[in-house]
Structure formats: structure tokens, C-alpha cells
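Undergrad: For reference, the file structure_13.cif (mmCIF, C-alpha atoms and all ligand atoms; chains and numbers go by the auth columns) is included below:
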data_data
#
loop_
_atom_site.group_PDB
_atom_site.id
_atom_site.type_symbol
_atom_site.label_atom_id
_atom_site.label_comp_id
_atom_site.label_asym_id
_atom_site.label_seq_id
_atom_site.Cartn_x
_atom_site.Cartn_y
_atom_site.Cartn_z
_atom_site.B_iso_or_equiv
_atom_site.auth_seq_id
_atom_site.auth_asym_id
ATOM 1 C CA MET A 1 -147.884 54.976 45.179 0.00 1 A
ATOM 2 C CA LYS A 2 -147.785 52.862 42.035 0.00 2 A
ATOM 3 C CA LYS A 3 -144.914 53.340 39.608 0.00 3 A
ATOM 4 C CA HIS A 4 -145.919 54.762 36.243 0.00 4 A
ATOM 5 C CA PRO A 5 -144.920 52.627 33.271 0.00 5 A
ATOM 6 C CA THR A 6 -141.788 53.670 31.381 0.00 6 A
ATOM 7 C CA LYS A 7 -141.280 53.835 27.620 0.00 7 A
ATOM 8 C CA GLU A 8 -139.642 50.386 27.826 0.00 8 A
ATOM 9 C CA ASP A 9 -142.605 48.954 29.785 0.00 9 A
ATOM 10 C CA ILE A 10 -144.990 50.198 27.095 0.00 10 A
ATOM 11 C CA LEU A 11 -142.871 48.788 24.285 0.00 11 A
ATOM 12 C CA GLU A 12 -142.827 45.420 26.040 0.00 12 A
ATOM 13 C CA ALA A 13 -146.650 45.447 26.298 0.00 13 A
ATOM 14 C CA ILE A 14 -146.945 46.334 22.608 0.00 14 A
ATOM 15 C CA GLU A 15 -144.472 43.680 21.491 0.00 15 A
ATOM 16 C CA ASN A 16 -145.883 40.938 23.699 0.00 16 A
ATOM 17 C CA GLN A 17 -149.378 41.048 22.235 0.00 17 A
ATOM 18 C CA PRO A 18 -150.824 37.627 21.652 0.00 18 A
ATOM 19 C CA LYS A 19 -150.110 36.475 18.106 0.00 19 A
ATOM 20 C CA ILE A 20 -152.549 38.283 15.861 0.00 20 A
ATOM 21 C CA SER A 21 -152.496 38.691 12.112 0.00 21 A
ATOM 22 C CA LYS A 22 -152.042 42.478 12.202 0.00 22 A
ATOM 23 C CA ILE A 23 -150.856 44.817 14.933 0.00 23 A
ATOM 24 C CA THR A 24 -153.054 47.898 14.908 0.00 24 A
ATOM 25 C CA VAL A 25 -153.439 51.017 17.021 0.00 25 A
ATOM 26 C CA LEU A 26 -156.427 49.391 18.716 0.00 26 A
ATOM 27 C CA SER A 27 -154.617 46.116 19.416 0.00 27 A
ATOM 28 C CA CYS A 28 -151.739 48.104 20.974 0.00 28 A
ATOM 29 C CA LEU A 29 -154.154 50.145 23.107 0.00 29 A
ATOM 30 C CA LEU A 30 -155.834 46.929 24.272 0.00 30 A
ATOM 31 C CA ALA A 31 -152.447 45.388 25.132 0.00 31 A
ATOM 32 C CA VAL A 32 -151.399 48.418 27.187 0.00 32 A
ATOM 33 C CA ASN A 33 -154.812 48.677 28.860 0.00 33 A
ATOM 34 C CA SER A 34 -154.784 45.003 29.708 0.00 34 A
ATOM 35 C CA LYS A 35 -151.414 45.382 31.433 0.00 35 A
ATOM 36 C CA TYR A 36 -151.831 48.765 33.165 0.00 36 A
ATOM 37 C CA HIS A 37 -155.628 49.232 33.323 0.00 37 A
ATOM 38 C CA TYR A 38 -155.256 52.676 31.777 0.00 38 A
ATOM 39 C CA ILE A 39 -153.584 54.375 28.818 0.00 39 A
ATOM 40 C CA PRO A 40 -150.687 56.550 29.993 0.00 40 A
ATOM 41 C CA LYS A 41 -149.683 59.524 27.814 0.00 41 A
ATOM 42 C CA ILE A 42 -146.346 57.878 27.080 0.00 42 A
ATOM 43 C CA ALA A 43 -148.221 54.893 25.614 0.00 43 A
ATOM 44 C CA VAL A 44 -149.965 57.110 23.084 0.00 44 A
ATOM 45 C CA GLU A 45 -146.555 58.340 21.904 0.00 45 A
ATOM 46 C CA GLU A 46 -145.055 54.837 21.820 0.00 46 A
ATOM 47 C CA ILE A 47 -148.014 53.366 19.951 0.00 47 A
ATOM 48 C CA ALA A 48 -147.786 56.188 17.402 0.00 48 A
ATOM 49 C CA ASN A 49 -144.059 55.491 16.897 0.00 49 A
ATOM 50 C CA TYR A 50 -144.593 51.745 16.699 0.00 50 A
ATOM 51 C CA THR A 51 -147.468 51.827 14.209 0.00 51 A
ATOM 52 C CA GLY A 52 -146.226 54.768 12.133 0.00 52 A
ATOM 53 C CA LYS A 53 -149.293 56.873 12.989 0.00 53 A
ATOM 54 C CA THR A 54 -149.488 60.312 14.541 0.00 54 A
ATOM 55 C CA THR A 55 -150.287 60.823 18.234 0.00 55 A
ATOM 56 C CA ASN A 56 -153.528 62.475 17.055 0.00 56 A
ATOM 57 C CA ASP A 57 -154.471 59.262 15.219 0.00 57 A
ATOM 58 C CA VAL A 58 -153.851 57.251 18.401 0.00 58 A
ATOM 59 C CA TRP A 59 -155.771 59.722 20.597 0.00 59 A
ATOM 60 C CA GLY A 60 -158.605 59.567 18.068 0.00 60 A
ATOM 61 C CA VAL A 61 -158.932 55.818 18.453 0.00 61 A
ATOM 62 C CA ALA A 62 -158.343 55.807 22.231 0.00 62 A
ATOM 63 C CA SER A 63 -160.877 58.545 22.955 0.00 63 A
ATOM 64 C CA PHE A 64 -163.529 56.867 20.790 0.00 64 A
ATOM 65 C CA TYR A 65 -163.795 53.933 23.204 0.00 65 A
ATOM 66 C CA THR A 66 -165.297 54.904 26.540 0.00 66 A
ATOM 67 C CA ASN A 67 -163.739 51.856 28.227 0.00 67 A
ATOM 68 C CA PHE A 68 -160.272 53.378 28.009 0.00 68 A
ATOM 69 C CA ARG A 69 -159.243 55.660 30.828 0.00 69 A
ATOM 70 C CA PHE A 70 -156.238 57.967 30.842 0.00 70 A
ATOM 71 C CA THR A 71 -155.431 58.220 34.533 0.00 71 A
ATOM 72 C CA PRO A 72 -154.312 55.354 36.755 0.00 72 A
ATOM 73 C CA PRO A 73 -157.099 53.555 38.605 0.00 73 A
ATOM 74 C CA GLY A 74 -157.143 53.333 42.397 0.00 74 A
ATOM 75 C CA LYS A 75 -155.584 50.416 44.245 0.00 75 A
ATOM 76 C CA ALA A 76 -159.030 48.776 44.420 0.00 76 A
ATOM 77 C CA THR A 77 -162.267 49.330 42.546 0.00 77 A
ATOM 78 C CA LEU A 78 -165.578 49.658 44.350 0.00 78 A
ATOM 79 C CA ASP A 79 -168.603 49.135 42.121 0.00 79 A
ATOM 80 C CA VAL A 80 -171.918 50.177 43.617 0.00 80 A
ATOM 81 C CA CYS A 81 -174.991 49.043 41.724 0.00 81 A
ATOM 82 C CA TRP A 82 -177.709 51.585 41.087 0.00 82 A
ATOM 83 C CA GLY A 83 -179.646 49.451 38.637 0.00 83 A
ATOM 84 C CA PRO A 84 -183.448 49.134 38.877 0.00 84 A
ATOM 85 C CA SER A 85 -183.564 46.289 41.435 0.00 85 A
ATOM 86 C CA CYS A 86 -180.908 47.800 43.652 0.00 86 A
ATOM 87 C CA HIS A 87 -182.572 51.191 43.315 0.00 87 A
ATOM 88 C CA LEU A 88 -185.786 49.723 44.743 0.00 88 A
ATOM 89 C CA GLN A 89 -183.739 48.171 47.548 0.00 89 A
ATOM 90 C CA GLY A 90 -182.108 51.404 48.688 0.00 90 A
ATOM 91 C CA SER A 91 -179.048 51.929 46.515 0.00 91 A
ATOM 92 C CA GLN A 92 -179.547 55.704 46.251 0.00 92 A
ATOM 93 C CA ASP A 93 -179.214 56.175 50.012 0.00 93 A
ATOM 94 C CA LEU A 94 -176.336 53.719 50.056 0.00 94 A
ATOM 95 C CA LEU A 95 -174.555 55.632 47.316 0.00 95 A
ATOM 96 C CA LYS A 96 -174.977 58.895 49.207 0.00 96 A
ATOM 97 C CA ASN A 97 -173.357 57.251 52.248 0.00 97 A
ATOM 98 C CA VAL A 98 -170.563 55.877 50.069 0.00 98 A
ATOM 99 C CA HIS A 99 -169.876 59.382 48.767 0.00 99 A
ATOM 100 C CA ASP A 100 -169.642 60.653 52.344 0.00 100 A
ATOM 101 C CA LEU A 101 -167.411 57.742 53.323 0.00 101 A
ATOM 102 C CA LEU A 102 -165.005 58.248 50.412 0.00 102 A
ATOM 103 C CA GLY A 103 -165.101 62.045 50.407 0.00 103 A
ATOM 104 C CA ILE A 104 -166.053 62.254 46.724 0.00 104 A
ATOM 105 C CA ASP A 105 -169.394 63.055 45.106 0.00 105 A
ATOM 106 C CA HIS A 106 -168.953 61.315 41.755 0.00 106 A
ATOM 107 C CA GLU A 107 -167.324 58.323 40.131 0.00 107 A
ATOM 108 C CA GLY A 108 -163.537 58.346 40.234 0.00 108 A
ATOM 109 C CA GLU A 109 -160.617 58.082 42.584 0.00 109 A
ATOM 110 C CA THR A 110 -160.403 59.024 46.230 0.00 110 A
ATOM 111 C CA ALA A 111 -157.876 61.730 47.116 0.00 111 A
ATOM 112 C CA ASP A 112 -155.407 59.116 48.400 0.00 112 A
ATOM 113 C CA GLY A 113 -155.709 57.105 45.175 0.00 113 A
ATOM 114 C CA LYS A 114 -156.719 53.960 47.049 0.00 114 A
ATOM 115 C CA ILE A 115 -160.258 53.474 45.760 0.00 115 A
ATOM 116 C CA THR A 116 -161.883 53.948 42.387 0.00 116 A
ATOM 117 C CA LEU A 117 -165.660 54.318 42.733 0.00 117 A
ATOM 118 C CA ARG A 118 -167.808 53.237 39.815 0.00 118 A
ATOM 119 C CA TYR A 119 -171.566 53.115 39.408 0.00 119 A
ATOM 120 C CA SER A 120 -172.932 49.935 37.917 0.00 120 A
ATOM 121 C CA THR A 121 -176.241 49.455 36.141 0.00 121 A
ATOM 122 C CA CYS A 122 -176.435 45.801 37.189 0.00 122 A
ATOM 123 C CA LEU A 123 -173.928 43.498 38.834 0.00 123 A
ATOM 124 C CA GLY A 124 -176.051 40.440 38.079 0.00 124 A
ATOM 125 C CA ALA A 125 -177.191 39.628 41.605 0.00 125 A
ATOM 126 C CA CYS A 126 -180.429 41.623 41.695 0.00 126 A
ATOM 127 C CA SER A 127 -182.195 39.460 44.289 0.00 127 A
ATOM 128 C CA GLN A 128 -179.370 40.262 46.724 0.00 128 A
ATOM 129 C CA GLY A 129 -179.700 44.029 46.330 0.00 129 A
ATOM 130 C CA PRO A 130 -178.401 46.454 47.031 0.00 130 A
ATOM 131 C CA VAL A 131 -175.199 44.992 45.657 0.00 131 A
ATOM 132 C CA PHE A 132 -171.612 46.211 45.586 0.00 132 A
ATOM 133 C CA ALA A 133 -168.348 44.673 44.411 0.00 133 A
ATOM 134 C CA ILE A 134 -164.728 45.193 45.317 0.00 134 A
ATOM 135 C CA ASP A 135 -162.387 44.181 42.517 0.00 135 A
ATOM 136 C CA HIS A 136 -165.235 42.111 41.031 0.00 136 A
ATOM 137 C CA LYS A 137 -165.984 40.203 44.268 0.00 137 A
ATOM 138 C CA LEU A 138 -169.710 40.604 44.886 0.00 138 A
ATOM 139 C CA TYR A 139 -171.394 41.462 48.182 0.00 139 A
ATOM 140 C CA GLY A 140 -175.172 41.453 48.562 0.00 140 A
ATOM 141 C CA LYS A 141 -177.621 42.963 51.062 0.00 141 A
ATOM 142 C CA ALA A 142 -175.238 45.893 51.224 0.00 142 A
ATOM 143 C CA ASN A 143 -175.189 48.574 53.830 0.00 143 A
ATOM 144 C CA ILE A 144 -172.636 51.234 54.546 0.00 144 A
ATOM 145 C CA LYS A 145 -171.149 49.340 57.520 0.00 145 A
ATOM 146 C CA LYS A 146 -170.453 46.353 55.274 0.00 146 A
ATOM 147 C CA ILE A 147 -168.777 48.559 52.664 0.00 147 A
ATOM 148 C CA GLU A 148 -166.792 50.402 55.337 0.00 148 A
ATOM 149 C CA LYS A 149 -165.524 47.090 56.738 0.00 149 A
ATOM 150 C CA GLU A 150 -164.425 45.770 53.336 0.00 150 A
ATOM 151 C CA ILE A 151 -162.779 49.050 52.397 0.00 151 A
ATOM 152 C CA SER A 152 -160.888 49.241 55.680 0.00 152 A
ATOM 153 C CA GLU A 153 -159.038 46.077 54.670 0.00 153 A
ATOM 154 C CA ILE A 154 -157.647 47.624 51.484 0.00 154 A
HETATM 155 S S1 LIG B . -179.824 45.871 39.545 0.00 1 B
HETATM 156 FE FE1 LIG B . -178.261 45.722 41.044 0.00 1 B
HETATM 157 S S2 LIG B . -177.447 43.748 40.789 0.00 1 B
HETATM 158 FE FE2 LIG B . -178.957 43.902 39.239 0.00 1 B
#
Can I see the file as C-alpha cells?
Ligand code: FES
TA:
Amino acid sequence: MKKHPTKEDILEAIENQPKISKITVLSCLLAVNSKYHYIPKIAVEEIANYTGKTTNDVWGVASFYTNFRFTPPGKATLDVCWGPSCHLQGSQDLLKNVHDLLGIDHEGETADGKITLRYSTCLGACSQGPVFAIDHKLYGKANIKKIEKEISEI
């Protein structure tokens, strides 16, 4: 299981932002997200302390952007495309099989925290559909056996 960042880890991420003219709540959130791939609760408190804002102010900014998540991602991310091309090439059936394989029926983390499943509207390889990606590495002409094989190596 991954270690959750400490107060000191968060402060280091905030203070090591690339040189920008003004440190803001958003720049701090981006720095923490870039390092940990999510915004832990402790980061909201640290960013509030660091910028002189309230935790409500920080939550307000963080929750406005749908790209921020507030729970740790899985060890690996599986993107399954359900865009128009992949849809025509069988992605709905594939996705149903992926749900069965992972034991979840929606986007999110598996019970063991190993995999984060995400639906994609296009992974940019439409002619190879259906397409999936593991940690941004693309695989075309997908079928459940191919996904099962790649996942088993995580
Ligand atoms: S629609 Fe699936 S890769 Fe483009």
C-alpha cells in the first residue's frame, strides 16, 4: 500500500513549484497534484495555511476543477475507450467484460487499490479500435484476454 503524503511532503511540493510570478491556491493544488496525482485532505489544510486562505477557499477552487481527485489513484490506470469509433468496434461489450474482470461496475479503483478504471471518449487511435491504455501506453484491437494479460503483469 502506498504511503500517504505527510504535512512535510505537502509543504515541499508547495515550496518547490517551478518559479512563477505569484503562488496561488491553484498553483499549489497543481504542484501537489503533479507530485501525488491526487489532493489529500492534509494538502488542503497546508495550502490554506501557506496562502493565508481558509480551507473552504481551497476546497472551493479544488472542487471547481473536475481533473482534481481527492482519493489516491490505483497503482496503474486502465483507460478503456468508449468513443464513437471504439463503440462501433465493440467497446460496450469489452467494457462489460472489464467490469466483470475488475469486480467494479463504474469508473474508479478496484477493491485492492491496484487498478483505476477510467472511460475515455477517444484515445486517438480510432482505426485500431477498440482501444485501451495502461498508464498511457496504448493497445489496439482490444479484447478482454489482451486486457487480462496486461493487467496480470501489474
Ligand atoms: S474513439 Fe476510441 S480511440 Fe478514438
Undergrad: Between atom CA of Cys28 of chain A and atom CA of Gly113 of chain A, what distance in Å does the model show, to one decimal?
TA: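 Here the two named atoms are 26.1 Å from each other.
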Undergrad: So what do you get for atom CA of Asn16 of chain A versus atom CA of His4 of chain A, distance-wise?
TA: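 These atoms are spaced 18.7 Å apart.
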Undergrad: Counting all atoms listed in the file, what are the residues, protein, DNA or RNA alike, that approach ligand LIG 1 (chain B) to within 10 Å? I want them as a PyMOL selection string.
TA: chain A and resi 80-89+91+120-133+138-140
Undergrad: For Glu148 of chain A, which residue among A:Asp135, A:Phe70, A:Ile104, A:His99 is the nearest when counting all atoms listed in the file?
TA: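 Of all the options, A:His99 lies closest to Glu148 of chain A.
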Undergrad: Just the number, please: distance in Å from atom CA of Pro73 of chain A to atom CA of Pro40 of chain A, one decimal.
TA: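 Taking atom CA of Pro73 of chain A as the start and atom CA of Pro40 of chain A as the end point, the length is 11.1 Å.
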Undergrad: Could you list, as JSON, numbers by chain, every residue matched by the PyMOL selection byres (((chain A and resi 17) around 12) and not hetatm) in this structure?
TA: {"A": [10, 11, 12, 13, 14, 15, 16, 18, 19, 20, 21, 22, 23, 24, 25, 26, 27, 28, 29, 30, 31, 32, 33, 34, 35]}
Undergrad: Residues picked by the PyMOL selection byres (((chain A and resi 78) around 7) and not hetatm) here, as a list in words?
TA: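 Against this file, the PyMOL selection byres (((chain A and resi 78) around 7) and not hetatm) returns the residues Ala76, Thr77, Asp79, Val80, Ile115, Thr116, Leu117, Arg118, Ala133, Ile134 and Asp135 of chain A.
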Undergrad: Calculated over only C-alpha atoms, which of the candidates A:Ile154, A:Pro5, A:Tyr119, A:Asn143 has the smallest distance to Asp93 of chain A?
TA: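 Of the candidates, the smallest distance to Asp93 of chain A is held by A:Asn143.
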Undergrad: Can you sort out segment 7-20 of chain A so it carries N, CA and C atoms, written as a PDB file, keeping the file's coordinate frame?
TA:
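So the final result, stored in out-v2.pdb, reads:
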ATOM      1  N   LYS A   7    -141.253  54.060  29.065  1.00  0.00           N
ATOM      2  CA  LYS A   7    -141.280  53.835  27.620  1.00  0.00           C
ATOM      3  C   LYS A   7    -140.983  52.353  27.322  1.00  0.00           C
ATOM      4  N   GLU A   8    -140.017  51.792  28.042  1.00  0.00           N
ATOM      5  CA  GLU A   8    -139.642  50.386  27.826  1.00  0.00           C
ATOM      6  C   GLU A   8    -140.777  49.449  28.236  1.00  0.00           C
ATOM      7  N   ASP A   9    -141.466  49.777  29.340  1.00  0.00           N
ATOM      8  CA  ASP A   9    -142.605  48.954  29.785  1.00  0.00           C
ATOM      9  C   ASP A   9    -143.679  48.923  28.701  1.00  0.00           C
ATOM     10  N   ILE A  10    -143.943  50.103  28.120  1.00  0.00           N
ATOM     11  CA  ILE A  10    -144.990  50.198  27.095  1.00  0.00           C
ATOM     12  C   ILE A  10    -144.603  49.391  25.859  1.00  0.00           C
ATOM     13  N   LEU A  11    -143.335  49.527  25.460  1.00  0.00           N
ATOM     14  CA  LEU A  11    -142.871  48.788  24.285  1.00  0.00           C
ATOM     15  C   LEU A  11    -143.003  47.276  24.510  1.00  0.00           C
ATOM     16  N   GLU A  12    -142.701  46.853  25.719  1.00  0.00           N
ATOM     17  CA  GLU A  12    -142.827  45.420  26.040  1.00  0.00           C
ATOM     18  C   GLU A  12    -144.288  44.977  25.913  1.00  0.00           C
ATOM     19  N   ALA A  13    -145.218  45.799  26.400  1.00  0.00           N
ATOM     20  CA  ALA A  13    -146.650  45.447  26.298  1.00  0.00           C
ATOM     21  C   ALA A  13    -147.082  45.383  24.831  1.00  0.00           C
ATOM     22  N   ILE A  14    -146.582  46.314  24.032  1.00  0.00           N
ATOM     23  CA  ILE A  14    -146.945  46.334  22.608  1.00  0.00           C
ATOM     24  C   ILE A  14    -146.384  45.101  21.909  1.00  0.00           C
ATOM     25  N   GLU A  15    -145.130  44.783  22.204  1.00  0.00           N
ATOM     26  CA  GLU A  15    -144.472  43.680  21.491  1.00  0.00           C
ATOM     27  C   GLU A  15    -144.911  42.307  21.977  1.00  0.00           C
ATOM     28  N   ASN A  16    -145.456  42.237  23.171  1.00  0.00           N
ATOM     29  CA  ASN A  16    -145.883  40.938  23.699  1.00  0.00           C
ATOM     30  C   ASN A  16    -147.372  40.678  23.515  1.00  0.00           C
ATOM     31  N   GLN A  17    -147.971  41.330  22.517  1.00  0.00           N
ATOM     32  CA  GLN A  17    -149.378  41.048  22.235  1.00  0.00           C
ATOM     33  C   GLN A  17    -149.501  39.603  21.801  1.00  0.00           C
ATOM     34  N   PRO A  18    -150.634  38.988  22.145  1.00  0.00           N
ATOM     35  CA  PRO A  18    -150.824  37.627  21.652  1.00  0.00           C
ATOM     36  C   PRO A  18    -150.730  37.635  20.126  1.00  0.00           C
ATOM     37  N   LYS A  19    -150.305  36.521  19.566  1.00  0.00           N
ATOM     38  CA  LYS A  19    -150.110  36.475  18.106  1.00  0.00           C
ATOM     39  C   LYS A  19    -151.413  36.796  17.376  1.00  0.00           C
ATOM     40  N   ILE A  20    -151.399  37.897  16.681  1.00  0.00           N
ATOM     41  CA  ILE A  20    -152.549  38.283  15.861  1.00  0.00           C
ATOM     42  C   ILE A  20    -152.042  38.581  14.461  1.00  0.00           C
TER      43      ILE A  20
END
